[in-house]
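The data block below is input19.txt; it holds compact mmCIF, C-alpha atoms.
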# COMPACT_ATOMS: atom_id res chain seq x y z
CA MET T 1 0.00 0.00 0.00
CA ALA T 2 2.95 2.28 0.72
CA GLU T 3 4.15 1.74 -2.88
CA GLN T 4 0.79 2.81 -4.23
CA THR T 5 1.07 6.16 -2.49
CA THR T 6 4.45 6.64 -4.14
CA VAL T 7 3.00 5.74 -7.54
CA THR T 8 0.20 8.31 -7.28
CA GLU T 9 2.69 10.97 -6.16
CA PRO T 10 3.26 12.53 -9.64
CA ALA T 11 -0.50 13.15 -9.86
CA GLN T 12 -0.05 15.89 -7.26
CA ILE T 13 2.01 18.04 -9.63
CA PRO T 14 -0.18 20.67 -11.30
CA ARG T 15 -0.73 19.87 -14.96
CA PHE T 16 -2.81 20.61 -18.04
CA THR T 17 -4.52 17.70 -19.80
CA ALA T 18 -7.26 17.10 -22.39
CA LYS T 19 -9.23 15.19 -19.73
CA GLY T 20 -9.13 18.26 -17.54
CA VAL T 21 -10.37 20.41 -20.42
CA TRP T 22 -13.35 18.10 -20.96
CA ARG T 23 -14.09 17.94 -17.22
CA GLY T 24 -14.11 21.75 -17.11
CA CYS T 25 -16.55 21.91 -20.03
CA VAL T 26 -18.98 19.50 -18.38
CA GLU T 27 -18.74 20.80 -14.83
CA ILE T 28 -19.23 24.48 -15.78
CA ALA T 29 -22.44 23.74 -17.70
CA PRO T 30 -24.90 24.35 -14.81
CA ILE T 31 -23.21 27.71 -14.12
CA ALA T 32 -22.84 28.62 -17.79
CA VAL T 33 -26.58 28.51 -18.52
CA PHE T 34 -26.97 31.59 -16.34
CA ILE T 35 -25.00 33.69 -18.83
CA ILE T 36 -27.58 33.03 -21.58
CA PRO T 37 -29.92 35.89 -20.54
CA PHE T 38 -26.92 38.24 -20.32
CA GLY T 39 -25.69 37.22 -23.77
CA ILE T 40 -29.15 37.77 -25.23
CA ALA T 41 -29.43 41.06 -23.37
CA PHE T 42 -26.07 42.19 -24.74
CA GLY T 43 -27.04 41.32 -28.31
CA VAL T 44 -30.36 43.13 -27.95
CA ALA T 45 -28.81 46.16 -26.26
CA ALA T 46 -26.19 46.38 -29.03
CA SER T 47 -28.95 46.23 -31.65
CA ALA T 48 -30.81 48.97 -29.81
CA LYS T 49 -27.65 51.09 -30.13
CA GLY T 50 -27.66 50.52 -33.88
CA ILE T 51 -24.68 48.14 -33.85
CA ALA T 52 -24.79 45.56 -36.66
CA PRO T 53 -25.26 41.94 -35.47
CA GLU T 54 -21.95 40.86 -37.03
CA VAL T 55 -20.12 43.52 -35.00
CA SER T 56 -21.76 42.65 -31.68
CA ILE T 57 -21.18 38.94 -32.34
CA LEU T 58 -17.52 39.72 -33.15
CA MET T 59 -17.30 41.57 -29.82
CA SER T 60 -18.51 38.46 -28.01
CA ILE T 61 -16.14 36.19 -29.94
CA ALA T 62 -13.06 38.39 -29.52
CA ILE T 63 -13.48 40.39 -26.31
CA TYR T 64 -15.64 37.86 -24.39
CA ALA T 65 -15.99 39.93 -21.24
CA GLY T 66 -19.62 40.83 -20.60
CA ALA T 67 -19.34 43.80 -18.25
CA SER T 68 -16.85 45.60 -20.50
CA GLN T 69 -18.94 44.86 -23.59
CA PHE T 70 -21.97 46.48 -21.95
CA ALA T 71 -19.81 49.42 -20.86
CA LEU T 72 -18.47 50.07 -24.35
CA LEU T 73 -21.99 50.31 -25.81
CA ASP T 74 -22.33 53.79 -24.32
CA LEU T 75 -19.13 54.85 -26.09
CA TRP T 76 -19.94 53.33 -29.48
CA TYR T 77 -20.52 56.32 -31.75
CA ALA T 78 -18.72 57.80 -34.75
CA PRO T 79 -15.93 58.74 -34.65
CA LEU T 80 -15.07 56.02 -32.12
CA PRO T 81 -13.41 57.52 -29.01
CA LEU T 82 -10.59 54.96 -29.04
CA ALA T 83 -8.65 56.22 -26.02
CA THR T 84 -11.77 56.40 -23.88
CA LEU T 85 -12.93 52.98 -25.08
CA ALA T 86 -9.51 51.49 -24.35
CA LEU T 87 -9.29 52.97 -20.87
CA THR T 88 -12.88 52.01 -20.02
CA VAL T 89 -12.38 48.41 -21.12
CA LEU T 90 -9.07 48.33 -19.25
CA ALA T 91 -10.73 49.71 -16.11
CA VAL T 92 -13.70 47.32 -16.25
CA ASN T 93 -11.49 44.31 -16.96
CA ALA T 94 -8.67 45.21 -14.58
CA ARG T 95 -10.26 42.83 -12.09
CA HIS T 96 -8.97 39.98 -14.30
CA ILE T 97 -5.49 40.94 -13.08
CA LEU T 98 -6.59 40.11 -9.54
CA LEU T 99 -8.19 36.83 -10.63
CA GLY T 100 -4.98 35.91 -12.45
CA ALA T 101 -2.88 36.87 -9.44
CA ALA T 102 -5.02 34.59 -7.27
CA LEU T 103 -4.47 31.71 -9.72
CA ALA T 104 -0.73 32.36 -10.04
CA PRO T 105 0.51 29.93 -7.34
CA TRP T 106 -1.23 27.13 -9.29
CA LEU T 107 -0.62 28.25 -12.88
CA LEU T 108 3.04 29.20 -12.45
CA GLN T 109 3.75 25.48 -11.92
CA ILE T 110 2.38 24.70 -15.38
CA PRO T 111 4.34 25.04 -18.66
CA ILE T 112 3.76 28.32 -20.46
CA LYS T 113 1.44 26.95 -23.19
CA GLY T 114 -0.97 25.41 -20.72
CA ARG T 115 -0.77 28.52 -18.57
CA LEU T 116 -1.78 30.78 -21.47
CA ALA T 117 -4.55 28.39 -22.53
CA ALA T 118 -5.92 28.39 -18.98
CA LEU T 119 -5.96 32.20 -18.92
CA ILE T 120 -7.20 32.99 -22.41
CA GLY T 121 -10.87 32.42 -21.55
CA LEU T 122 -10.71 33.56 -17.94
CA SER T 123 -14.00 35.00 -16.66
CA ASP T 124 -15.60 35.62 -13.28
CA GLY T 125 -17.66 32.44 -13.68
CA SER T 126 -14.81 30.15 -14.71
CA PHE T 127 -12.58 31.66 -12.02
CA ALA T 128 -15.16 30.99 -9.30
CA TYR T 129 -15.59 27.43 -10.56
CA ALA T 130 -11.83 26.77 -10.85
CA MET T 131 -11.07 28.13 -7.39
CA SER T 132 -13.71 25.93 -5.80
CA ALA T 133 -12.43 22.94 -7.78
CA ARG T 134 -8.86 23.75 -6.67
CA GLU T 135 -10.01 23.71 -3.05
CA ARG T 136 -11.46 20.24 -3.62
CA GLY T 137 -7.98 19.14 -4.73
CA GLU T 138 -8.17 19.72 -8.48
CA ILE T 139 -4.69 20.19 -9.97
CA ASP T 140 -5.48 20.08 -13.69
CA ALA T 141 -5.53 23.63 -15.08
CA GLY T 142 -7.21 22.19 -18.18
CA ILE T 143 -10.49 22.76 -16.33
CA LEU T 144 -9.95 26.52 -16.66
CA PHE T 145 -9.53 26.27 -20.41
CA GLY T 146 -12.49 23.85 -20.71
CA SER T 147 -14.85 25.95 -18.63
CA GLY T 148 -13.70 29.06 -20.51
CA ILE T 149 -14.45 27.40 -23.88
CA ALA T 150 -17.90 26.22 -22.76
CA MET T 151 -18.89 29.65 -21.48
CA TRP T 152 -17.41 31.31 -24.57
CA LEU T 153 -19.54 29.23 -26.96
CA ILE T 154 -22.69 29.92 -24.94
CA TRP T 155 -21.82 33.63 -24.78
CA ILE T 156 -21.39 33.81 -28.58
CA ALA T 157 -24.57 31.85 -29.31
CA SER T 158 -26.71 33.87 -26.91
CA THR T 159 -25.30 37.16 -28.23
CA ALA T 160 -26.21 36.05 -31.75
CA VAL T 161 -29.77 35.23 -30.69
CA GLY T 162 -30.15 38.64 -29.04
CA ALA T 163 -28.49 40.57 -31.86
CA LEU T 164 -30.52 38.92 -34.61
CA ALA T 165 -33.83 38.96 -32.72
CA GLY T 166 -33.13 42.53 -31.63
CA SER T 167 -33.32 43.86 -35.17
CA PHE T 168 -36.87 42.48 -35.57
CA LEU T 169 -38.22 43.49 -32.18
CA GLY T 170 -38.40 47.23 -32.88
CA ASP T 171 -38.69 49.49 -29.84
CA LEU T 172 -36.96 47.51 -27.13
CA THR T 173 -37.74 49.84 -24.26
CA ARG T 174 -41.19 48.26 -24.00
CA PHE T 175 -39.45 45.03 -22.94
CA GLY T 176 -37.28 46.89 -20.46
CA PHE T 177 -34.05 46.00 -22.27
CA ASP T 178 -32.77 49.55 -21.88
CA ALA T 179 -32.70 48.84 -18.13
CA VAL T 180 -30.78 45.57 -18.37
CA MET T 181 -27.24 46.90 -18.17
CA VAL T 182 -27.76 49.47 -15.47
CA THR T 183 -29.85 47.12 -13.27
CA TYR T 184 -27.32 44.31 -13.65
CA PHE T 185 -24.42 46.56 -12.68
CA ALA T 186 -26.41 48.05 -9.80
CA ALA T 187 -27.13 44.52 -8.58
CA VAL T 188 -23.48 43.49 -8.82
CA VAL T 189 -22.46 46.63 -6.92
CA VAL T 190 -25.01 45.94 -4.16
CA GLY T 191 -23.72 42.36 -3.95
CA GLN T 192 -20.18 43.70 -3.34
CA TRP T 193 -21.20 45.73 -0.28
CA LYS T 194 -19.16 44.51 2.68
CA GLY T 195 -20.26 47.09 5.25
CA ALA T 196 -19.61 50.66 6.36
CA LYS T 197 -15.92 50.56 5.37
CA ASP T 198 -17.01 50.65 1.73
CA LEU T 199 -19.03 53.85 2.17
CA TYR T 200 -16.35 56.49 1.51
CA PRO T 201 -14.66 54.77 -1.44
CA TRP T 202 -18.08 54.20 -3.02
CA LEU T 203 -19.23 57.77 -2.41
CA ALA T 204 -15.96 59.05 -3.87
CA ALA T 205 -16.46 56.95 -7.00
CA ALA T 206 -20.08 58.09 -7.40
CA ALA T 207 -19.39 61.77 -6.70
CA VAL T 208 -16.34 62.03 -8.97
CA ALA T 209 -18.17 60.17 -11.75
CA VAL T 210 -21.23 62.44 -11.54
CA ILE T 211 -19.13 65.61 -11.47
CA GLY T 212 -17.01 64.16 -14.29
CA THR T 213 -20.02 63.91 -16.60
CA TYR T 214 -20.16 67.74 -16.50
CA VAL T 215 -16.48 68.64 -16.62
CA LEU T 216 -14.72 65.80 -18.51
CA PRO T 217 -14.84 64.57 -22.13
CA PRO T 218 -17.47 61.81 -22.73
CA GLY T 219 -16.66 58.53 -21.01
CA TRP T 220 -13.80 59.84 -18.86
CA HIS T 221 -16.02 60.16 -15.82
CA ILE T 222 -15.90 56.34 -15.60
CA ILE T 223 -12.10 56.30 -15.39
CA ALA T 224 -12.06 59.24 -12.96
CA GLY T 225 -14.68 57.60 -10.73
CA ALA T 226 -12.90 54.23 -10.84
CA LEU T 227 -9.56 55.80 -9.86
CA ALA T 228 -11.20 57.91 -7.13
CA GLY T 229 -12.82 54.82 -5.59
CA GLY T 230 -9.58 52.87 -5.86
CA ILE T 231 -7.51 55.64 -4.30
CA VAL T 232 -9.92 56.33 -1.42
CA GLY T 233 -10.24 52.59 -0.80
CA THR T 234 -6.45 52.16 -0.73
CA TRP T 235 -5.93 55.22 1.42
CA ARG T 236 -8.44 54.07 4.02
CA HIS T 237 -7.78 50.34 3.96
CA GLY T 238 -4.53 49.65 2.08
CA MET S 1 -22.99 55.28 -37.75
CA VAL S 2 -19.65 53.63 -37.04
CA ASP S 3 -18.13 52.16 -40.21
CA THR S 4 -17.29 48.47 -40.24
CA VAL S 5 -13.51 48.79 -40.69
CA ALA S 6 -13.24 51.18 -37.73
CA ALA S 7 -15.50 48.91 -35.67
CA VAL S 8 -13.42 45.79 -36.36
CA ALA S 9 -10.17 47.65 -35.65
CA ALA S 10 -11.57 48.95 -32.36
CA VAL S 11 -12.80 45.48 -31.35
CA LEU S 12 -9.32 44.06 -32.02
CA LEU S 13 -7.71 46.79 -29.89
CA LEU S 14 -10.17 46.11 -27.04
CA THR S 15 -9.50 42.36 -27.40
CA LEU S 16 -5.77 42.89 -26.94
CA ILE S 17 -6.40 45.00 -23.84
CA THR S 18 -8.76 42.40 -22.37
CA MET S 19 -6.28 39.60 -23.09
CA ALA S 20 -3.56 41.62 -21.38
CA THR S 21 -5.71 41.80 -18.22
CA ARG S 22 -6.33 38.03 -18.39
CA VAL S 23 -2.66 37.06 -18.57
CA GLY S 24 -1.40 40.13 -16.70
CA GLY S 25 -2.08 38.92 -13.18
CA VAL S 26 -0.09 35.71 -13.50
CA TRP S 27 2.63 37.54 -15.44
CA ILE S 28 3.00 40.25 -12.78
CA MET S 29 2.96 37.65 -10.01
CA SER S 30 5.89 35.90 -11.65
CA TYR S 31 7.92 39.08 -10.92
CA VAL S 32 6.42 40.88 -7.94
CA LYS S 33 4.24 40.20 -4.99
CA ILE S 34 0.85 41.92 -4.94
CA THR S 35 0.89 43.84 -1.68
CA PRO S 36 -2.30 44.33 0.37
CA ARG S 37 -2.17 47.96 -0.79
CA ILE S 38 -2.23 47.05 -4.46
CA GLU S 39 -4.88 44.43 -3.82
CA ALA S 40 -7.08 46.98 -2.03
CA PHE S 41 -6.65 49.40 -4.92
CA LEU S 42 -7.62 46.80 -7.56
CA LYS S 43 -10.57 45.59 -5.49
CA TYR S 44 -12.00 49.07 -4.90
CA MET S 45 -11.28 50.13 -8.44
CA ALA S 46 -13.18 47.12 -9.83
CA VAL S 47 -16.41 47.97 -8.00
CA SER S 48 -15.87 51.71 -8.54
CA VAL S 49 -15.92 51.24 -12.31
CA LEU S 50 -19.44 49.86 -12.01
CA ILE S 51 -20.51 52.61 -9.59
CA ALA S 52 -19.11 55.22 -11.98
CA ILE S 53 -21.24 53.74 -14.76
CA VAL S 54 -24.43 53.11 -12.78
CA VAL S 55 -24.85 56.35 -10.84
CA PRO S 56 -24.51 58.96 -13.62
CA THR S 57 -26.43 56.76 -16.10
CA THR S 58 -29.32 56.32 -13.68
CA LEU S 59 -29.45 60.00 -12.72
CA ALA S 60 -29.55 61.02 -16.39
CA ALA S 61 -32.27 58.49 -17.26
CA ALA S 62 -36.06 58.63 -17.04
CA PRO S 63 -37.88 57.97 -13.73
CA ARG S 64 -38.80 54.47 -14.91
CA ILE S 65 -35.09 53.60 -14.91
CA TRP S 66 -34.76 54.97 -11.37
CA MET S 67 -37.57 52.60 -10.33
CA ALA S 68 -35.94 49.70 -12.18
CA VAL S 69 -32.56 50.31 -10.51
CA ALA S 70 -34.17 50.69 -7.08
CA ALA S 71 -36.07 47.41 -7.56
CA ALA S 72 -32.90 45.64 -8.75
CA ALA S 73 -30.93 46.96 -5.76
CA VAL S 74 -33.55 45.67 -3.33
CA VAL S 75 -33.73 42.25 -5.02
CA ALA S 76 -29.93 42.02 -5.09
CA ALA S 77 -29.68 42.91 -1.39
CA VAL S 78 -32.29 40.30 -0.46
CA THR S 79 -31.47 37.43 -2.83
CA ARG S 80 -27.76 38.10 -3.58
CA SER S 81 -28.59 37.09 -7.15
CA ALA S 82 -27.56 39.66 -9.78
CA LEU S 83 -29.50 37.69 -12.37
CA SER S 84 -32.84 37.81 -10.50
CA ALA S 85 -32.23 41.46 -9.74
CA MET S 86 -31.63 42.23 -13.40
CA LEU S 87 -34.76 40.36 -14.48
CA VAL S 88 -36.92 42.14 -11.90
CA GLY S 89 -35.38 45.51 -12.81
CA ALA S 90 -36.01 44.99 -16.52
CA ALA S 91 -39.57 43.83 -15.76
CA VAL S 92 -40.24 46.97 -13.73
CA ALA S 93 -38.89 49.14 -16.57
CA ALA S 94 -41.07 47.25 -19.08
CA VAL S 95 -44.26 47.45 -17.00
CA VAL S 96 -43.85 51.15 -16.28
CA LYS S 97 -43.18 51.82 -19.97
CA ASN S 98 -46.31 49.96 -21.01
CA LEU S 99 -48.35 51.89 -18.44
CA GLY S 100 -47.29 54.95 -20.41
CA MET S 101 -45.08 56.58 -17.81
The structure given in the file should be rewritten as structure tokens.
Amino acid sequence: MAEQTTVTEPAQIPRFTAKGVWRGCVEIAPIAVFIIPFGIAFGVAASAKGIAPEVSILMSIAIYAGASQFALLDLWYAPLPLATLALTVLAVNARHILLGAALAPWLLQIPIKGRLAALIGLSDGSFAYAMSARERGEIDAGILFGSGIAMWLIWIASTAVGALAGSFLGDLTRFGFDAVMVTYFAAVVVGQWKGAKDLYPWLAAAAVAVIGTYVLPPGWHIIAGALAGGIVGTWRHG
Amino acid sequence: MVDTVAAVAAVLLLTLITMATRVGGVWIMSYVKITPRIEAFLKYMAVSVLIAIVVPTTLAAAPRIWMAVAAAAVVAAVTRSALSAMLVGAAVAAVVKNLGM
């Protein structure tokens, strides 16, 4: 029996295998279905903004980060404000850096190709799933790639449904789709509330953002508000 | 109307930025340690981005959107489900619209 323990020893080294990829695909499925309404909502909201279905579908294929895709809709007008778009997407997606940092102790033990594959489809959902799997003893980073792929395909398909249906539905405000983005973000914000310590950073973000809409070029109030919240939060709790 | 070439170019730029954030955390961690200070900054900045979008957008919108956001906030606080909150918020916005408000 002692030999058997020795034999299974290599299994404890973090790795990246096809079996892990498949396991990730299957295990994420119950979580992934919850992104369908968001994908449809994004496609519809993009249509409502006059964005062609092929462009919104391309956004979902290439960017594949829901919150930032919703955020860029407000900045999608001609001529495209590239710097503002870039900074907004960077600001909204900067949380990925934290997710990656949290995964680093695991992924840094995996060869570079597997590491990049595990990260390429990183999302809040696949991160949450992978971290809970890791706690259960999972060592195969293939599950990150697999869960990323599964959610990616569902995200693309649901965006396509929304984008194509959106062009036939006419005035979407009667279905409340114009409220989808702002209510979803408001809900996520409320879910992040950890108590009174968050009050000042949050107020700083809100106040600077509101003032910024009057005194800054379009879109920059988001960056200003994000930095203000980050700075006040660091100053008070860092 | 945004022309297609500009749109595709912009999407590719935004894709590169998003990819950089995905691989950036592990890359940075292979060189430096994320201090509690940096972690606090990233954490507060992440939620602040959403606040900076939600608050001005809501204030500038019609009263039916205020009601939708309020409903979503209450549902989120009670259920902790962003999805249910979004569905309720959108439903409120739809109902109020159809009542002609």
Residue neighbourhood stretch 78-95 of chain S, 9 Å, all atoms listed in the file, exclusion window fewer than 2 positions, as a PDB file with C-alpha atoms, in the frame of the given file:
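File written: part08.pdb
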ATOM      1  CA  PHE T  34     -26.970  31.590 -16.340  1.00  0.00           C
ATOM      2  CA  ILE T  35     -25.000  33.690 -18.830  1.00  0.00           C
ATOM      3  CA  PRO T  37     -29.920  35.890 -20.540  1.00  0.00           C
ATOM      4  CA  PHE T  38     -26.920  38.240 -20.320  1.00  0.00           C
ATOM      5  CA  THR T 173     -37.740  49.840 -24.260  1.00  0.00           C
ATOM      6  CA  ARG T 174     -41.190  48.260 -24.000  1.00  0.00           C
ATOM      7  CA  PHE T 175     -39.450  45.030 -22.940  1.00  0.00           C
ATOM      8  CA  GLY T 176     -37.280  46.890 -20.460  1.00  0.00           C
ATOM      9  CA  PHE T 177     -34.050  46.000 -22.270  1.00  0.00           C
ATOM     10  CA  ASP T 178     -32.770  49.550 -21.880  1.00  0.00           C
ATOM     11  CA  ALA T 179     -32.700  48.840 -18.130  1.00  0.00           C
ATOM     12  CA  VAL T 180     -30.780  45.570 -18.370  1.00  0.00           C
ATOM     13  CA  MET T 181     -27.240  46.900 -18.170  1.00  0.00           C
ATOM     14  CA  VAL T 182     -27.760  49.470 -15.470  1.00  0.00           C
ATOM     15  CA  THR T 183     -29.850  47.120 -13.270  1.00  0.00           C
ATOM     16  CA  TYR T 184     -27.320  44.310 -13.650  1.00  0.00           C
ATOM     17  CA  PHE T 185     -24.420  46.560 -12.680  1.00  0.00           C
ATOM     18  CA  ALA T 186     -26.410  48.050  -9.800  1.00  0.00           C
ATOM     19  CA  ALA T 187     -27.130  44.520  -8.580  1.00  0.00           C
ATOM     20  CA  VAL T 188     -23.480  43.490  -8.820  1.00  0.00           C
ATOM     21  CA  VAL T 190     -25.010  45.940  -4.160  1.00  0.00           C
ATOM     22  CA  GLY T 191     -23.720  42.360  -3.950  1.00  0.00           C
TER      23      GLY T 191
ATOM     24  CA  ARG S  64     -38.800  54.470 -14.910  1.00  0.00           C
ATOM     25  CA  ILE S  65     -35.090  53.600 -14.910  1.00  0.00           C
ATOM     26  CA  TRP S  66     -34.760  54.970 -11.370  1.00  0.00           C
ATOM     27  CA  MET S  67     -37.570  52.600 -10.330  1.00  0.00           C
ATOM     28  CA  ALA S  68     -35.940  49.700 -12.180  1.00  0.00           C
ATOM     29  CA  VAL S  69     -32.560  50.310 -10.510  1.00  0.00           C
ATOM     30  CA  ALA S  70     -34.170  50.690  -7.080  1.00  0.00           C
ATOM     31  CA  ALA S  71     -36.070  47.410  -7.560  1.00  0.00           C
ATOM     32  CA  ALA S  72     -32.900  45.640  -8.750  1.00  0.00           C
ATOM     33  CA  ALA S  73     -30.930  46.960  -5.760  1.00  0.00           C
ATOM     34  CA  VAL S  74     -33.550  45.670  -3.330  1.00  0.00           C
ATOM     35  CA  VAL S  75     -33.730  42.250  -5.020  1.00  0.00           C
ATOM     36  CA  ALA S  76     -29.930  42.020  -5.090  1.00  0.00           C
ATOM     37  CA  LYS S  97     -43.180  51.820 -19.970  1.00  0.00           C
ATOM     38  CA  ASN S  98     -46.310  49.960 -21.010  1.00  0.00           C
ATOM     39  CA  LEU S  99     -48.350  51.890 -18.440  1.00  0.00           C
ATOM     40  CA  GLY S 100     -47.290  54.950 -20.410  1.00  0.00           C
TER      41      GLY S 100
END
May I have the residues within 12 Å of T:Arg134 as a CSV table (one decimal) with C-alpha atoms, in the frame of the given file, using all atoms listed in the file and disregarding those fewer than 3 positions away in the same chain?
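What follows is the written file result.csv:
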chain,number,residue,atom,x,y,z
T,12,GLN,CA,0.0,15.9,-7.3
T,14,PRO,CA,-0.2,20.7,-11.3
T,24,GLY,CA,-14.1,21.8,-17.1
T,102,ALA,CA,-5.0,34.6,-7.3
T,103,LEU,CA,-4.5,31.7,-9.7
T,105,PRO,CA,0.5,29.9,-7.3
T,106,TRP,CA,-1.2,27.1,-9.3
T,107,LEU,CA,-0.6,28.2,-12.9
T,126,SER,CA,-14.8,30.2,-14.7
T,127,PHE,CA,-12.6,31.7,-12.0
T,128,ALA,CA,-15.2,31.0,-9.3
T,129,TYR,CA,-15.6,27.4,-10.6
T,130,ALA,CA,-11.8,26.8,-10.8
T,131,MET,CA,-11.1,28.1,-7.4
T,137,GLY,CA,-8.0,19.1,-4.7
T,138,GLU,CA,-8.2,19.7,-8.5
T,139,ILE,CA,-4.7,20.2,-10.0
T,140,ASP,CA,-5.5,20.1,-13.7
T,141,ALA,CA,-5.5,23.6,-15.1
T,142,GLY,CA,-7.2,22.2,-18.2
T,143,ILE,CA,-10.5,22.8,-16.3
T,144,LEU,CA,-10.0,26.5,-16.7
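Between atom CA of T:Gly114 and atom CA of S:Tyr31 there is a distance of 19.0 Å.
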If we count all atoms listed in the file, what is near stretch 64-73 of chain T at a cut-off of 9 Å, once residues fewer than 2 positions away on the same chain are taken out, given as an MDAnalysis selection string?
(chainID T and resid 38:39 42 45:46 49 51 56 59:62 75:77 85 88:93 121:123 152 155:156 181 185) or (chainID S and resid 15 18 50 53)
Which residues are near T:Ile40? Cut-off 7 Å, only C-alpha atoms, ignore same chain within fewer than 3 positions. Put them as a PyMOL selection string.
chain T and resi 36-37+43-44+158-159+161-162
I need the residue nearest chain S from this list: T:Ala101, T:Val215, T:Ile57, T:Ala41. Use all atoms listed in the file for the distance.
T:Ala101
I'd like the interatomic distance between atom CA of T:Gly225 and atom CA of T:Asp198, to a tenth of an Å.
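Computing the Euclidean distance for atom CA of T:Gly225 and atom CA of T:Asp198 yields 14.5 Å.
The interatomic distance for the pair atom CA of T:Ala32 and atom CA of S:Met19 works out to 20.6 Å.
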Go ahead and find all residues with at least one atom no further than 12 Å from (-16.5, 58.9, -11.5) in the file's coordinates, using only C-alpha atoms; report them as a PDB file with C-alpha atoms, keeping the file's coordinate frame.
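Heads up, here's the output in out14.pdb:
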ATOM      1  CA  THR T  88     -12.880  52.010 -20.020  1.00  0.00           C
ATOM      2  CA  ALA T  91     -10.730  49.710 -16.110  1.00  0.00           C
ATOM      3  CA  PRO T 201     -14.660  54.770  -1.440  1.00  0.00           C
ATOM      4  CA  TRP T 202     -18.080  54.200  -3.020  1.00  0.00           C
ATOM      5  CA  LEU T 203     -19.230  57.770  -2.410  1.00  0.00           C
ATOM      6  CA  ALA T 204     -15.960  59.050  -3.870  1.00  0.00           C
ATOM      7  CA  ALA T 205     -16.460  56.950  -7.000  1.00  0.00           C
ATOM      8  CA  ALA T 206     -20.080  58.090  -7.400  1.00  0.00           C
ATOM      9  CA  ALA T 207     -19.390  61.770  -6.700  1.00  0.00           C
ATOM     10  CA  VAL T 208     -16.340  62.030  -8.970  1.00  0.00           C
ATOM     11  CA  ALA T 209     -18.170  60.170 -11.750  1.00  0.00           C
ATOM     12  CA  VAL T 210     -21.230  62.440 -11.540  1.00  0.00           C
ATOM     13  CA  ILE T 211     -19.130  65.610 -11.470  1.00  0.00           C
ATOM     14  CA  GLY T 212     -17.010  64.160 -14.290  1.00  0.00           C
ATOM     15  CA  THR T 213     -20.020  63.910 -16.600  1.00  0.00           C
ATOM     16  CA  TYR T 214     -20.160  67.740 -16.500  1.00  0.00           C
ATOM     17  CA  VAL T 215     -16.480  68.640 -16.620  1.00  0.00           C
ATOM     18  CA  LEU T 216     -14.720  65.800 -18.510  1.00  0.00           C
ATOM     19  CA  PRO T 218     -17.470  61.810 -22.730  1.00  0.00           C
ATOM     20  CA  GLY T 219     -16.660  58.530 -21.010  1.00  0.00           C
ATOM     21  CA  TRP T 220     -13.800  59.840 -18.860  1.00  0.00           C
ATOM     22  CA  HIS T 221     -16.020  60.160 -15.820  1.00  0.00           C
ATOM     23  CA  ILE T 222     -15.900  56.340 -15.600  1.00  0.00           C
ATOM     24  CA  ILE T 223     -12.100  56.300 -15.390  1.00  0.00           C
ATOM     25  CA  ALA T 224     -12.060  59.240 -12.960  1.00  0.00           C
ATOM     26  CA  GLY T 225     -14.680  57.600 -10.730  1.00  0.00           C
ATOM     27  CA  ALA T 226     -12.900  54.230 -10.840  1.00  0.00           C
ATOM     28  CA  LEU T 227      -9.560  55.800  -9.860  1.00  0.00           C
ATOM     29  CA  ALA T 228     -11.200  57.910  -7.130  1.00  0.00           C
ATOM     30  CA  GLY T 229     -12.820  54.820  -5.590  1.00  0.00           C
ATOM     31  CA  GLY T 230      -9.580  52.870  -5.860  1.00  0.00           C
ATOM     32  CA  ILE T 231      -7.510  55.640  -4.300  1.00  0.00           C
TER      33      ILE T 231
ATOM     34  CA  MET S  45     -11.280  50.130  -8.440  1.00  0.00           C
ATOM     35  CA  VAL S  47     -16.410  47.970  -8.000  1.00  0.00           C
ATOM     36  CA  SER S  48     -15.870  51.710  -8.540  1.00  0.00           C
ATOM     37  CA  VAL S  49     -15.920  51.240 -12.310  1.00  0.00           C
ATOM     38  CA  LEU S  50     -19.440  49.860 -12.010  1.00  0.00           C
ATOM     39  CA  ILE S  51     -20.510  52.610  -9.590  1.00  0.00           C
ATOM     40  CA  ALA S  52     -19.110  55.220 -11.980  1.00  0.00           C
ATOM     41  CA  ILE S  53     -21.240  53.740 -14.760  1.00  0.00           C
ATOM     42  CA  VAL S  54     -24.430  53.110 -12.780  1.00  0.00           C
ATOM     43  CA  VAL S  55     -24.850  56.350 -10.840  1.00  0.00           C
ATOM     44  CA  PRO S  56     -24.510  58.960 -13.620  1.00  0.00           C
ATOM     45  CA  THR S  57     -26.430  56.760 -16.100  1.00  0.00           C
TER      46      THR S  57
END
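Proximity ranking of S:Ala62, S:Val96, S:Gly25, S:Thr4 relative to chain T places S:Gly25 first, based on only C-alpha atoms.
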Looking at only C-alpha atoms, which of S:Tyr44, S:Val32, S:Ala6, S:Trp27 is the one that sits closest to chain T?
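Closest residue, counting only C-alpha atoms: S:Tyr44.
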Which of these residues is nearest to chain S, using only C-alpha atoms: T:Leu199, T:Ala150, T:Ala83, T:Ala78?
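Among the listed residues, the smallest separation from chain S belongs to T:Ala78.
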Nearest to S:Lys43 among T:Ile13, T:Ile97, T:Val26, T:Ala52, with distances taken over only C-alpha atoms: which residue is it?
T:Ile97
From T:Leu98, T:Ala133, T:Lys19, T:Pro53, residue lying nearest S:Ile38 [only C-alpha atoms]:
T:Leu98
Which residues come within 7 Å of S:Ala40, counting only C-alpha atoms, excluding same-chain residues fewer than 3 positions away, as a list in words?
Gly233, Thr234, His237 and Gly238 of chain T; Pro36, Arg37, Lys43 and Tyr44 of chain S
